[in-house]
>>> print(open('model14.pdb').read())   # PDB, C-alpha atoms and all ligand atoms
ATOM      1  CA  MET M 858      36.488-187.607   7.149
ATOM      2  CA  GLY M 859      38.919-184.825   8.160
ATOM      3  CA  GLN M 860      38.197-181.844  10.380
ATOM      4  CA  TYR M 861      36.872-178.715   8.697
ATOM      5  CA  GLU M 862      36.255-175.175   9.907
ATOM      6  CA  HIS M 863      34.199-173.654   7.091
ATOM      7  CA  ILE M 864      32.320-176.654   5.703
ATOM      8  CA  SER M 865      30.568-179.740   7.008
ATOM      9  CA  VAL M 866      30.204-183.180   5.434
ATOM     10  CA  GLU M 867      27.365-185.617   6.078
ATOM     11  CA  THR M 868      27.357-189.118   4.685
ATOM     12  CA  GLY M 869      24.717-190.744   6.884
ATOM     13  CA  THR M 870      21.460-189.324   5.514
ATOM     14  CA  GLN M 871      21.072-191.691   2.552
ATOM     15  CA  PRO M 872      23.259-194.551   1.316
ATOM     16  CA  GLY M 873      25.608-193.324  -1.389
ATOM     17  CA  LEU M 874      24.933-189.599  -0.859
ATOM     18  CA  ALA M 875      27.435-187.173   0.681
ATOM     19  CA  VAL M 876      26.249-183.645   1.479
ATOM     20  CA  VAL M 877      28.884-180.922   1.666
ATOM     21  CA  THR M 878      27.606-177.687   3.223
ATOM     22  CA  ILE M 879      29.500-174.402   3.083
ATOM     23  CA  ARG M 880      29.069-172.828   6.512
ATOM     24  CA  ARG M 881      29.922-169.138   6.418
ATOM     25  CA  GLU M 882      26.344-168.020   6.783
ATOM     26  CA  LYS M 883      27.189-164.559   8.161
ATOM     27  CA  ALA M 884      29.126-163.791   4.970
ATOM     28  CA  LEU M 885      26.442-165.479   2.801
ATOM     29  CA  ASN M 886      28.807-168.438   2.423
ATOM     30  CA  ALA M 887      31.346-166.371   0.475
ATOM     31  CA  LEU M 888      34.355-168.403  -0.639
ATOM     32  CA  ASN M 889      37.528-167.303   1.096
ATOM     33  CA  ASP M 890      40.844-168.998   0.451
ATOM     34  CA  ALA M 891      40.500-171.344   3.442
ATOM     35  CA  THR M 892      37.048-172.502   2.281
ATOM     36  CA  LEU M 893      38.332-173.167  -1.243
ATOM     37  CA  ARG M 894      41.132-175.276   0.234
ATOM     38  CA  GLU M 895      38.716-177.202   2.439
ATOM     39  CA  LEU M 896      36.333-177.851  -0.462
ATOM     40  CA  THR M 897      39.185-179.159  -2.592
ATOM     41  CA  ARG M 898      40.418-181.348   0.273
ATOM     42  CA  VAL M 899      36.964-182.827   0.909
ATOM     43  CA  ALA M 900      36.510-183.527  -2.812
ATOM     44  CA  GLY M 901      39.716-185.603  -2.640
ATOM     45  CA  GLU M 902      38.533-187.479   0.436
ATOM     46  CA  LEU M 903      35.107-188.226  -1.046
ATOM     47  CA  GLU M 904      36.752-189.408  -4.256
ATOM     48  CA  ASP M 905      38.542-192.157  -2.329
ATOM     49  CA  ASP M 906      35.399-193.297  -0.499
ATOM     50  CA  ASP M 907      33.736-196.055  -2.526
ATOM     51  CA  ASP M 908      30.560-195.787  -0.454
ATOM     52  CA  VAL M 909      29.996-192.263  -1.772
ATOM     53  CA  ARG M 910      28.292-192.326  -5.177
ATOM     54  CA  VAL M 911      26.922-188.769  -5.460
ATOM     55  CA  VAL M 912      27.998-185.505  -3.832
ATOM     56  CA  ALA M 913      25.553-182.656  -3.153
ATOM     57  CA  VAL M 914      27.064-179.229  -2.489
ATOM     58  CA  THR M 915      25.001-176.555  -0.779
ATOM     59  CA  GLY M 916      25.189-173.427   1.364
ATOM     60  CA  ALA M 917      24.086-173.085   4.977
ATOM     61  CA  GLY M 918      20.905-171.155   5.718
ATOM     62  CA  ASP M 919      18.093-170.178   3.389
ATOM     63  CA  LYS M 920      19.555-166.959   2.020
ATOM     64  CA  ALA M 921      22.562-168.015   0.004
ATOM     65  CA  PHE M 922      24.183-170.906  -1.777
ATOM     66  CA  VAL M 923      27.376-168.850  -2.143
ATOM     67  CA  ALA M 924      27.336-165.052  -2.682
ATOM     68  CA  GLY M 925      30.683-165.123  -4.459
ATOM     69  CA  ALA M 926      34.353-165.164  -3.700
ATOM     70  CA  ASP M 927      35.125-163.305  -0.465
ATOM     71  CA  ILE M 928      35.369-159.647  -1.465
ATOM     72  CA  GLY M 929      36.895-158.561   1.856
ATOM     73  CA  GLU M 930      39.715-161.029   1.345
ATOM     74  CA  MET M 931      40.234-160.188  -2.351
ATOM     75  CA  LYS M 932      40.182-156.415  -1.915
ATOM     76  CA  ASP M 933      43.903-155.926  -1.266
ATOM     77  CA  LEU M 934      45.274-158.642  -3.531
ATOM     78  CA  GLY M 935      47.868-157.818  -6.186
ATOM     79  CA  PRO M 936      47.899-159.504  -9.617
ATOM     80  CA  ARG M 937      50.165-162.375  -8.547
ATOM     81  CA  GLU M 938      48.075-163.205  -5.470
ATOM     82  CA  ALA M 939      44.888-162.829  -7.508
ATOM     83  CA  LYS M 940      46.257-165.392  -9.981
ATOM     84  CA  ASP M 941      46.943-167.808  -7.093
ATOM     85  CA  PHE M 942      43.416-167.243  -5.799
ATOM     86  CA  ALA M 943      41.866-167.835  -9.228
ATOM     87  CA  GLU M 944      43.964-170.987  -9.591
ATOM     88  CA  ARG M 945      42.665-172.205  -6.233
ATOM     89  CA  GLY M 946      39.088-171.794  -7.509
ATOM     90  CA  GLY M 947      40.123-173.418 -10.779
ATOM     91  CA  ALA M 948      41.604-176.394  -8.935
ATOM     92  CA  LEU M 949      38.352-176.896  -7.042
ATOM     93  CA  ALA M 950      36.299-176.748 -10.258
ATOM     94  CA  ALA M 951      38.719-179.193 -11.911
ATOM     95  CA  SER M 952      38.479-181.626  -9.002
ATOM     96  CA  ILE M 953      34.670-181.591  -9.298
ATOM     97  CA  GLU M 954      34.625-181.943 -13.090
ATOM     98  CA  GLY M 955      37.366-184.571 -12.973
ATOM     99  CA  SER M 956      35.634-186.562 -10.233
ATOM    100  CA  LYS M 957      34.307-190.057 -10.879
ATOM    101  CA  LYS M 958      31.209-189.080  -8.920
ATOM    102  CA  PRO M 959      28.360-186.857 -10.078
ATOM    103  CA  TYR M 960      28.095-183.553  -8.183
ATOM    104  CA  ILE M 961      24.779-181.748  -7.654
ATOM    105  CA  ALA M 962      24.780-178.059  -6.705
ATOM    106  CA  VAL M 963      21.751-177.512  -4.469
ATOM    107  CA  VAL M 964      21.044-173.791  -4.765
ATOM    108  CA  ASN M 965      18.809-172.333  -2.109
ATOM    109  CA  GLY M 966      19.444-168.583  -2.500
ATOM    110  CA  PHE M 967      22.151-166.330  -3.981
ATOM    111  CA  ALA M 968      24.549-168.064  -6.366
ATOM    112  CA  LEU M 969      26.635-165.099  -7.441
ATOM    113  CA  GLY M 970      30.131-164.717  -8.869
ATOM    114  CA  GLY M 971      32.270-167.568  -7.525
ATOM    115  CA  GLY M 972      29.055-169.173  -6.225
ATOM    116  CA  CYS M 973      27.562-169.365  -9.704
ATOM    117  CA  GLU M 974      30.938-170.650 -10.925
ATOM    118  CA  LEU M 975      30.988-173.360  -8.249
ATOM    119  CA  ALA M 976      27.492-174.428  -9.317
ATOM    120  CA  LEU M 977      28.592-174.432 -12.982
ATOM    121  CA  ALA M 978      31.452-176.821 -12.179
ATOM    122  CA  CYS M 979      28.933-179.312 -10.770
ATOM    123  CA  ASP M 980      27.252-181.828 -13.086
ATOM    124  CA  PHE M 981      23.751-180.656 -12.223
ATOM    125  CA  ILE M 982      22.223-177.508 -10.752
ATOM    126  CA  TYR M 983      19.071-178.060  -8.690
ATOM    127  CA  ALA M 984      17.493-174.832  -7.460
ATOM    128  CA  SER M 985      14.585-173.658  -5.381
ATOM    129  CA  GLY M 986      12.345-170.877  -6.693
ATOM    130  CA  SER M 987      14.084-168.362  -4.413
ATOM    131  CA  ALA M 988      17.505-168.892  -5.999
ATOM    132  CA  VAL M 989      19.194-165.942  -7.715
ATOM    133  CA  PHE M 990      22.030-166.360 -10.205
ATOM    134  CA  GLY M 991      24.530-163.924 -11.651
ATOM    135  CA  GLN M 992      28.109-163.019 -12.441
ATOM    136  CA  PRO M 993      28.287-159.472 -11.018
ATOM    137  CA  GLU M 994      32.112-159.212 -11.014
ATOM    138  CA  VAL M 995      32.192-156.311 -13.515
ATOM    139  CA  LYS M 996      30.386-154.224 -10.897
ATOM    140  CA  LEU M 997      33.504-154.696  -8.728
ATOM    141  CA  GLY M 998      35.885-153.798 -11.546
ATOM    142  CA  VAL M 999      36.930-157.394 -12.273
ATOM    143  CA  ILE M1000      35.679-160.403 -14.243
ATOM    144  CA  PRO M1001      34.761-163.949 -13.159
ATOM    145  CA  GLY M1002      37.921-165.770 -12.087
ATOM    146  CA  PHE M1003      36.809-169.310 -11.309
ATOM    147  CA  GLY M1004      35.898-170.266 -14.897
ATOM    148  CA  GLY M1005      32.581-168.413 -15.207
ATOM    149  CA  THR M1006      33.254-166.722 -18.538
ATOM    150  CA  GLN M1007      33.924-170.140 -20.095
ATOM    151  CA  ARG M1008      31.580-172.539 -18.316
ATOM    152  CA  LEU M1009      28.598-170.175 -18.462
ATOM    153  CA  SER M1010      29.140-169.723 -22.222
ATOM    154  CA  ARG M1011      29.313-173.470 -22.757
ATOM    155  CA  ARG M1012      26.166-173.991 -20.722
ATOM    156  CA  VAL M1013      23.816-171.240 -21.905
ATOM    157  CA  GLY M1014      25.484-170.099 -25.155
ATOM    158  CA  ILE M1015      27.927-167.254 -25.612
ATOM    159  CA  ALA M1016      25.373-164.492 -26.308
ATOM    160  CA  LYS M1017      23.377-165.134 -23.129
ATOM    161  CA  ALA M1018      26.586-165.553 -21.130
ATOM    162  CA  LYS M1019      27.942-162.230 -22.450
ATOM    163  CA  GLU M1020      24.684-160.543 -21.530
ATOM    164  CA  LEU M1021      24.965-161.803 -17.952
ATOM    165  CA  VAL M1022      28.706-161.237 -17.523
ATOM    166  CA  LEU M1023      28.861-157.801 -19.195
ATOM    167  CA  THR M1024      25.783-156.372 -17.467
ATOM    168  CA  GLY M1025      26.438-158.102 -14.146
ATOM    169  CA  ALA M1026      22.671-158.608 -13.949
ATOM    170  CA  THR M1027      21.144-161.162 -11.612
ATOM    171  CA  ILE M1028      18.401-163.513 -12.783
ATOM    172  CA  SER M1029      15.682-165.445 -10.986
ATOM    173  CA  ALA M1030      15.599-169.220 -10.699
ATOM    174  CA  ASP M1031      12.757-169.260 -13.254
ATOM    175  CA  GLU M1032      14.826-167.363 -15.791
ATOM    176  CA  ALA M1033      17.897-169.497 -15.013
ATOM    177  CA  SER M1034      15.798-172.586 -15.664
ATOM    178  CA  ARG M1035      14.444-171.146 -18.914
ATOM    179  CA  ILE M1036      17.961-170.499 -20.292
ATOM    180  CA  GLY M1037      19.236-173.939 -19.251
ATOM    181  CA  LEU M1038      21.419-172.859 -16.350
ATOM    182  CA  VAL M1039      19.226-174.688 -13.829
ATOM    183  CA  ASP M1040      18.494-178.363 -14.501
ATOM    184  CA  VAL M1041      15.825-178.937 -11.883
ATOM    185  CA  LEU M1042      13.644-176.208 -10.403
ATOM    186  CA  ALA M1043      11.654-177.246  -7.330
ATOM    187  CA  GLU M1044       9.604-175.780  -4.514
ATOM    188  CA  PRO M1045      11.874-175.172  -1.487
ATOM    189  CA  ASP M1046      10.215-178.043   0.425
ATOM    190  CA  ALA M1047      10.660-180.453  -2.472
ATOM    191  CA  LEU M1048      14.225-179.538  -3.453
ATOM    192  CA  TRP M1049      16.018-182.111  -1.309
ATOM    193  CA  ASP M1050      13.516-184.835  -2.264
ATOM    194  CA  ARG M1051      14.500-184.280  -5.879
ATOM    195  CA  VAL M1052      18.208-184.424  -4.970
ATOM    196  CA  ARG M1053      17.720-187.647  -2.994
ATOM    197  CA  GLU M1054      15.671-189.245  -5.811
ATOM    198  CA  SER M1055      18.402-188.541  -8.364
ATOM    199  CA  ALA M1056      21.141-189.717  -5.996
ATOM    200  CA  LYS M1057      19.221-192.944  -5.411
ATOM    201  CA  ALA M1058      18.791-193.554  -9.148
ATOM    202  CA  ILE M1059      22.499-192.923  -9.827
ATOM    203  CA  ALA M1060      23.635-195.070  -6.873
ATOM    204  CA  LYS M1061      21.752-198.095  -8.315
ATOM    205  CA  ASN M1062      23.856-197.991 -11.497
ATOM    206  CA  GLY M1063      27.270-199.456 -12.167
ATOM    207  CA  PRO M1064      29.827-197.148 -10.524
ATOM    208  CA  LEU M1065      32.436-197.672 -13.241
ATOM    209  CA  ALA M1066      29.860-196.999 -15.947
ATOM    210  CA  VAL M1067      28.707-193.780 -14.264
ATOM    211  CA  ALA M1068      32.326-192.641 -13.857
ATOM    212  CA  GLU M1069      33.194-193.472 -17.467
ATOM    213  CA  ALA M1070      30.071-191.790 -18.833
ATOM    214  CA  LYS M1071      30.924-188.598 -16.915
ATOM    215  CA  ARG M1072      34.590-188.711 -17.937
ATOM    216  CA  VAL M1073      33.857-189.220 -21.623
ATOM    217  CA  MET M1074      31.138-186.555 -21.776
ATOM    218  CA  GLN M1075      33.312-184.062 -19.913
ATOM    219  CA  ALA M1076      36.386-184.756 -22.039
ATOM    220  CA  GLY M1077      34.362-184.591 -25.259
ATOM    221  CA  GLN M1078      33.537-180.935 -24.601
ATOM    222  CA  SER M1079      36.992-179.897 -25.792
ATOM    223  CA  MET M1080      37.407-182.458 -28.613
ATOM    224  CA  THR M1081      36.299-182.743 -32.206
ATOM    225  CA  LEU M1082      33.181-184.915 -32.589
ATOM    226  CA  GLU M1083      35.267-187.621 -34.273
ATOM    227  CA  HIS M1084      37.807-187.744 -31.431
ATOM    228  CA  ALA M1085      35.053-187.609 -28.807
ATOM    229  CA  VAL M1086      33.148-190.502 -30.398
ATOM    230  CA  ASP M1087      36.391-192.498 -30.557
ATOM    231  CA  THR M1088      36.921-191.775 -26.841
ATOM    232  CA  GLU M1089      33.414-193.042 -26.136
ATOM    233  CA  GLN M1090      34.011-196.253 -28.115
ATOM    234  CA  ARG M1091      37.219-196.999 -26.196
ATOM    235  CA  ALA M1092      35.478-196.429 -22.864
ATOM    236  CA  PHE M1093      32.509-198.592 -23.953
ATOM    237  CA  ALA M1094      34.888-201.397 -24.949
ATOM    238  CA  GLY M1095      36.938-201.043 -21.764
ATOM    239  CA  LEU M1096      33.871-201.623 -19.621
ATOM    240  CA  PHE M1097      33.533-205.116 -21.141
ATOM    241  CA  ALA M1098      36.645-206.044 -19.130
ATOM    242  CA  THR M1099      34.846-205.315 -15.847
ATOM    243  CA  GLY M1100      32.835-207.418 -13.461
ATOM    244  CA  ASP M1101      30.167-204.717 -13.474
ATOM    245  CA  GLN M1102      29.396-205.346 -17.166
ATOM    246  CA  LYS M1103      29.138-209.106 -16.578
ATOM    247  CA  GLU M1104      26.959-208.549 -13.511
ATOM    248  CA  GLY M1105      24.715-205.927 -15.163
ATOM    249  CA  MET M1106      23.995-208.013 -18.254
ATOM    250  CA  ASP M1107      23.751-211.327 -16.387
ATOM    251  CA  ALA M1108      21.265-209.742 -13.964
ATOM    252  CA  PHE M1109      19.192-208.494 -16.896
ATOM    253  CA  VAL M1110      18.973-211.883 -18.630
ATOM    254  CA  SER M1111      18.381-213.638 -15.275
ATOM    255  CA  LYS M1112      15.606-211.142 -14.449
ATOM    256  CA  ARG M1113      17.176-210.084 -11.131
ATOM    257  CA  LYS M1114      18.558-206.820  -9.716
ATOM    258  CA  PRO M1115      22.274-206.299 -10.344
ATOM    259  CA  GLU M1116      24.741-206.041  -7.479
ATOM    260  CA  PHE M1117      27.580-203.957  -8.797
ATOM    261  CA  GLY M1118      30.965-204.255  -7.125
ATOM    262  CA  GLY M1119      32.611-201.325  -8.900
ATOM    263  CA  ARG M1120      35.284-203.597 -10.406
TER     264      ARG M1120
HETATM  265  N1  LIG M1201      32.203-161.588   0.018
HETATM  266  C1  LIG M1201      32.300-161.236   1.316
HETATM  267  N2  LIG M1201      31.255-160.923   2.096
HETATM  268  C2  LIG M1201      30.036-160.988   1.518
HETATM  269  C3  LIG M1201      29.846-161.349   0.172
HETATM  270  C4  LIG M1201      31.016-161.650  -0.594
HETATM  271  N3  LIG M1201      30.944-162.043  -1.878
HETATM  272  N4  LIG M1201      28.535-161.285  -0.110
HETATM  273  C5  LIG M1201      27.908-160.928   1.023
HETATM  274  N5  LIG M1201      28.803-160.747   2.014
HETATM  275  C6  LIG M1201      28.548-160.337   3.398
HETATM  276  C7  LIG M1201      28.213-158.849   3.487
HETATM  277  O1  LIG M1201      29.388-158.060   3.501
HETATM  278  C8  LIG M1201      27.463-158.806   4.801
HETATM  279  O2  LIG M1201      28.410-158.835   5.849
HETATM  280  P1  LIG M1201      28.177-157.887   7.158
HETATM  281  O3  LIG M1201      26.898-158.396   7.766
HETATM  282  O4  LIG M1201      29.382-158.189   7.981
HETATM  283  O5  LIG M1201      28.069-156.506   6.652
HETATM  284  C9  LIG M1201      26.729-160.139   4.823
HETATM  285  O6  LIG M1201      27.405-160.994   3.882
HETATM  286  C10 LIG M1201      25.287-160.012   4.372
HETATM  287  O7  LIG M1201      25.282-159.363   3.104
HETATM  288  P2  LIG M1201      24.371-158.067   2.775
HETATM  289  O8  LIG M1201      24.154-157.265   4.026
HETATM  290  O9  LIG M1201      24.990-157.380   1.616
HETATM  291  O10 LIG M1201      23.007-158.777   2.403
HETATM  292  P3  LIG M1201      21.887-158.233   1.404
HETATM  293  O11 LIG M1201      20.727-159.158   1.549
HETATM  294  O12 LIG M1201      21.669-156.787   1.582
HETATM  295  O13 LIG M1201      22.521-158.439  -0.083
HETATM  296  C11 LIG M1201      23.710-159.617  -1.812
HETATM  297  C12 LIG M1201      22.814-159.717  -0.545
HETATM  298  C13 LIG M1201      22.919-158.994  -2.946
HETATM  299  C14 LIG M1201      24.116-161.038  -2.192
HETATM  300  C15 LIG M1201      24.950-158.755  -1.479
HETATM  301  O14 LIG M1201      25.547-159.258  -0.281
HETATM  302  C16 LIG M1201      26.002-158.777  -2.543
HETATM  303  O15 LIG M1201      25.867-158.093  -3.544
HETATM  304  N6  LIG M1201      27.101-159.555  -2.331
HETATM  305  C17 LIG M1201      28.218-159.592  -3.246
HETATM  306  C18 LIG M1201      27.899-160.389  -4.499
HETATM  307  C19 LIG M1201      29.084-160.350  -5.448
HETATM  308  O16 LIG M1201      29.467-159.315  -5.953
HETATM  309  N7  LIG M1201      29.670-161.540  -5.720
HETATM  310  C20 LIG M1201      30.796-161.671  -6.600
HETATM  311  C21 LIG M1201      32.081-161.605  -5.824
HETATM  312  S1  LIG M1201      33.508-161.487  -6.846
HETATM  313  C22 LIG M1201      33.824-163.076  -7.329
HETATM  314  O17 LIG M1201      33.113-164.006  -7.006
HETATM  315  C23 LIG M1201      35.073-163.227  -8.149
HETATM  316  C24 LIG M1201      35.278-164.539  -8.773
HETATM  317  O18 LIG M1201      34.639-164.897  -9.728
HETATM  318  C25 LIG M1201      36.378-165.378  -8.321
END
>>> encode(input="model14.pdb", output="structure tokens", more="lines below")
Ligand code: CAA
Amino acid sequence: MGQYEHISVETGTQPGLAVVTIRREKALNALNDATLRELTRVAGELEDDDDVRVVAVTGAGDKAFVAGADIGEMKDLGPREAKDFAERGGALAASIEGSKKPYIAVVNGFALGGGCELALACDFIYASGSAVFGQPEVKLGVIPGFGGTQRLSRRVGIAKAKELVLTGATISADEASRIGLVDVLAEPDALWDRVRESAKAIAKNGPLAVAEAKRVMQAGQSMTLEHAVDTEQRAFAGLFATGDQKEGMDAFVSKRKPEFGGR
């Protein structure tokens, strides 16, 4: 794994699980340009590592996941630079959504603005009861720039998303869970156990099947139902050309555990 200044990466805590931690605790893990670049770079590195099956993304300390894009750094941007910055956030979100591996956002405090958007790009949001979510950009005279207006609407429905984006209100983890923004709500002490359990369950499955399921479900979001179902059928059929399908089904009929090779 490469050298990073603003993030750390751990792959040794549990087989198959990589933990990426944003480490700008003094700025509540706000995303500056350098951190966005590092996160995108690490996503690329983890993508190429077959031993990594699930990526958890979190923020250092117990106060914040990520309190947004770095306001100090954005303050003096002009429109052209702001577009570049938004594209950098967009590229990170695209690399997470386009990844073969499931990403879990582990939210332990403030997930605001770009932090909420980073969580929304992940496949799952696991949060402790102390988490706080919101898109407060309008309070700064701007709007979400890392995909929040779109991904939040798709996740919680456009009316709820408008309410959050237009008021800039923050909501508790309980409320976020109630509206479907949070997938798993856990006591702070139990949060990582839940992440590890899910990572373990996913890592037991066929890697190609997990990757194809994610790809097809993600792609289907912007397709007609007919086209999306056709995409699923092609992916289903394609998996019958893999060793993983032979292994998975042979193991079932032989009453043994499968050993998937990811081929
Ligand atoms: N950018 C840069 N620095 C930030 C930050 C951010 N988004 N959020 C917090 N910080 C810094 C603070 O400036 C402060 O630094 P100093 O100690 O050097 O003064 C430090 O983190 C601690 O923050 P607070 O003292 O403000 O802590 P608090 O407990 O009183 O409040 C908070 C916590 C409610 C999260 C408050 O910090 C806050 O409102 N932060 C900004 C949240 C926000 O507006 N996020 C959206 C950013 S815009 C965006 O993300 C655009 C986009 O979509 C791309």
>>> residues_around(input="model14.pdb", residues="Glu1054 in chain M", least_positions_apart="6", cutoff="12 Å", atoms="only C-alpha atoms", output="short mmCIF file (atom, residue, chain, number, x, y, z; two decimals) with C-alpha atoms, in the coordinates of the input")
data_model
loop_
_atom_site.label_atom_id
_atom_site.label_comp_id
_atom_site.auth_asym_id
_atom_site.auth_seq_id
_atom_site.Cartn_x
_atom_site.Cartn_y
_atom_site.Cartn_z
CA GLN M 871 21.07 -191.69 2.55
CA PRO M 872 23.26 -194.55 1.32
CA GLY M 873 25.61 -193.32 -1.39
CA LEU M 874 24.93 -189.60 -0.86
CA VAL M 911 26.92 -188.77 -5.46
CA ILE M 961 24.78 -181.75 -7.65
CA VAL M 1041 15.82 -178.94 -11.88
CA ALA M 1047 10.66 -180.45 -2.47
CA LEU M 1048 14.22 -179.54 -3.45
CA ALA M 1060 23.64 -195.07 -6.87
CA LYS M 1061 21.75 -198.10 -8.32
#
>>> closest_residue(input="model14.pdb", among="M:Asp1050, M:Asp1031, M:Asp1040, M:Glu895", to="Cys979 in chain M", atoms="all atoms listed in the file")
M:Asp1040
>>> resolve_selection(input="model14.pdb", expression="the PyMOL selection byres (((chain M and resi 947) around 12) and not hetatm)", output="PyMOL selection string")
chain M and resi 893-894+896-897+940-946+948-955+971+974-975+977-978+1001-1005+1007-1008
>>> residues_near_ligand(input="model14.pdb", ligand="ligand LIG 1201 (chain M)", cutoff="8 Å", atoms="all atoms listed in the file", output="compact mmCIF listing (two decimals) with C-alpha atoms, in the frame of the given file")
# COMPACT_ATOMS: atom_id res chain seq x y z
CA GLU M 882 26.34 -168.02 6.78
CA LYS M 883 27.19 -164.56 8.16
CA ALA M 884 29.13 -163.79 4.97
CA LEU M 885 26.44 -165.48 2.80
CA ASN M 886 28.81 -168.44 2.42
CA ALA M 887 31.35 -166.37 0.48
CA LEU M 888 34.35 -168.40 -0.64
CA ASN M 889 37.53 -167.30 1.10
CA LYS M 920 19.56 -166.96 2.02
CA ALA M 921 22.56 -168.02 0.00
CA VAL M 923 27.38 -168.85 -2.14
CA ALA M 924 27.34 -165.05 -2.68
CA GLY M 925 30.68 -165.12 -4.46
CA ALA M 926 34.35 -165.16 -3.70
CA ASP M 927 35.12 -163.30 -0.46
CA ILE M 928 35.37 -159.65 -1.46
CA GLY M 929 36.90 -158.56 1.86
CA GLU M 930 39.72 -161.03 1.34
CA PHE M 942 43.42 -167.24 -5.80
CA ALA M 943 41.87 -167.84 -9.23
CA GLY M 946 39.09 -171.79 -7.51
CA PHE M 967 22.15 -166.33 -3.98
CA LEU M 969 26.64 -165.10 -7.44
CA GLY M 970 30.13 -164.72 -8.87
CA GLY M 971 32.27 -167.57 -7.52
CA GLY M 972 29.06 -169.17 -6.22
CA GLU M 974 30.94 -170.65 -10.92
CA GLN M 992 28.11 -163.02 -12.44
CA PRO M 993 28.29 -159.47 -11.02
CA GLU M 994 32.11 -159.21 -11.01
CA LYS M 996 30.39 -154.22 -10.90
CA LEU M 997 33.50 -154.70 -8.73
CA VAL M 999 36.93 -157.39 -12.27
CA ILE M 1000 35.68 -160.40 -14.24
CA PRO M 1001 34.76 -163.95 -13.16
CA GLY M 1002 37.92 -165.77 -12.09
CA PHE M 1003 36.81 -169.31 -11.31
CA GLY M 1004 35.90 -170.27 -14.90
CA GLY M 1005 32.58 -168.41 -15.21
>>> closest_residue(input="model14.pdb", among="M:Met1106, M:Gly1119, M:Gly991, M:Ala913", to="Ala1030 in chain M", atoms="all atoms listed in the file")
M:Gly991
>>> atom_distance(input="model14.pdb", atom1="CA of Pro936 in chain M", atom2="CA of Gly998 in chain M")
13.4 Å
>>> resolve_selection(input="model14.pdb", expression="the PyMOL selection byres (((chain M and resi 1097-1105) around 12) and not hetatm)", output="list in words")
Lys1061, Asn1062, Gly1063, Pro1064, Leu1065, Ala1066, Val1067, Gln1090, Arg1091, Ala1092, Phe1093, Ala1094, Gly1095, Leu1096, Met1106, Asp1107, Ala1108, Phe1109, Val1110, Ser1111, Lys1112, Arg1113, Lys1114, Pro1115, Glu1116, Phe1117, Gly1118, Gly1119 and Arg1120 of chain M
>>> residues_around(input="model14.pdb", residues="Leu1021 in chain M", least_positions_apart="2", cutoff="10 Å", atoms="all atoms listed in the file", output="JSON, numbers by chain")
{"M": [990, 991, 992, 993, 1006, 1009, 1010, 1015, 1016, 1017, 1018, 1019, 1023, 1024, 1025, 1026, 1027, 1028]}
>>> write_last_selection(input="model14.pdb", atoms="C-alpha atoms", output="PDB file, in the frame of the given file")
ATOM      1  CA  PHE M 990      22.030-166.360 -10.205  1.00  0.00           C
ATOM      2  CA  GLY M 991      24.530-163.924 -11.651  1.00  0.00           C
ATOM      3  CA  GLN M 992      28.109-163.019 -12.441  1.00  0.00           C
ATOM      4  CA  PRO M 993      28.287-159.472 -11.018  1.00  0.00           C
ATOM      5  CA  THR M1006      33.254-166.722 -18.538  1.00  0.00           C
ATOM      6  CA  LEU M1009      28.598-170.175 -18.462  1.00  0.00           C
ATOM      7  CA  SER M1010      29.140-169.723 -22.222  1.00  0.00           C
ATOM      8  CA  ILE M1015      27.927-167.254 -25.612  1.00  0.00           C
ATOM      9  CA  ALA M1016      25.373-164.492 -26.308  1.00  0.00           C
ATOM     10  CA  LYS M1017      23.377-165.134 -23.129  1.00  0.00           C
ATOM     11  CA  ALA M1018      26.586-165.553 -21.130  1.00  0.00           C
ATOM     12  CA  LYS M1019      27.942-162.230 -22.450  1.00  0.00           C
ATOM     13  CA  LEU M1023      28.861-157.801 -19.195  1.00  0.00           C
ATOM     14  CA  THR M1024      25.783-156.372 -17.467  1.00  0.00           C
ATOM     15  CA  GLY M1025      26.438-158.102 -14.146  1.00  0.00           C
ATOM     16  CA  ALA M1026      22.671-158.608 -13.949  1.00  0.00           C
ATOM     17  CA  THR M1027      21.144-161.162 -11.612  1.00  0.00           C
ATOM     18  CA  ILE M1028      18.401-163.513 -12.783  1.00  0.00           C
TER      19      ILE M1028
END
>>> atom_distance(input="model14.pdb", atom1="CA of Ile1059 in chain M", atom2="CA of Lys958 in chain M")
9.6 Å
>>> resolve_selection(input="model14.pdb", expression="the PyMOL selection byres (((chain M and resi 859) around 10) and not hetatm)", output="mmCIF file with C-alpha atoms, in the coordinates of the input")
data_model
loop_
_atom_site.group_PDB
_atom_site.id
_atom_site.type_symbol
_atom_site.label_atom_id
_atom_site.label_comp_id
_atom_site.auth_asym_id
_atom_site.auth_seq_id
_atom_site.Cartn_x
_atom_site.Cartn_y
_atom_site.Cartn_z
ATOM 1 C CA MET M 858 36.488 -187.607 7.149
ATOM 2 C CA GLN M 860 38.197 -181.844 10.380
ATOM 3 C CA TYR M 861 36.872 -178.715 8.697
ATOM 4 C CA SER M 865 30.568 -179.740 7.008
ATOM 5 C CA VAL M 866 30.204 -183.180 5.434
ATOM 6 C CA GLU M 895 38.716 -177.202 2.439
ATOM 7 C CA ARG M 898 40.418 -181.348 0.273
ATOM 8 C CA VAL M 899 36.964 -182.827 0.909
ATOM 9 C CA GLU M 902 38.533 -187.479 0.436
#
>>> atom_distance(input="model14.pdb", atom1="CA of Glu938 in chain M", atom2="CA of Thr892 in chain M")
16.4 Å
>>> closest_residue(input="model14.pdb", among="M:Arg881, M:Lys957, M:His1084, M:Arg1011", to="Ala1070 in chain M", atoms="all atoms listed in the file")
M:Lys957
>>> closest_residue(input="model14.pdb", among="M:Cys973, M:Arg910, M:Arg1053, M:Ser1034", to="Val1022 in chain M", atoms="all atoms listed in the file")
M:Cys973
>>> closest_residue(input="model14.pdb", among="M:Val963, M:Ile864, M:Ala939, M:Ala984", to="Ala1043 in chain M", atoms="only C-alpha atoms")
M:Ala984
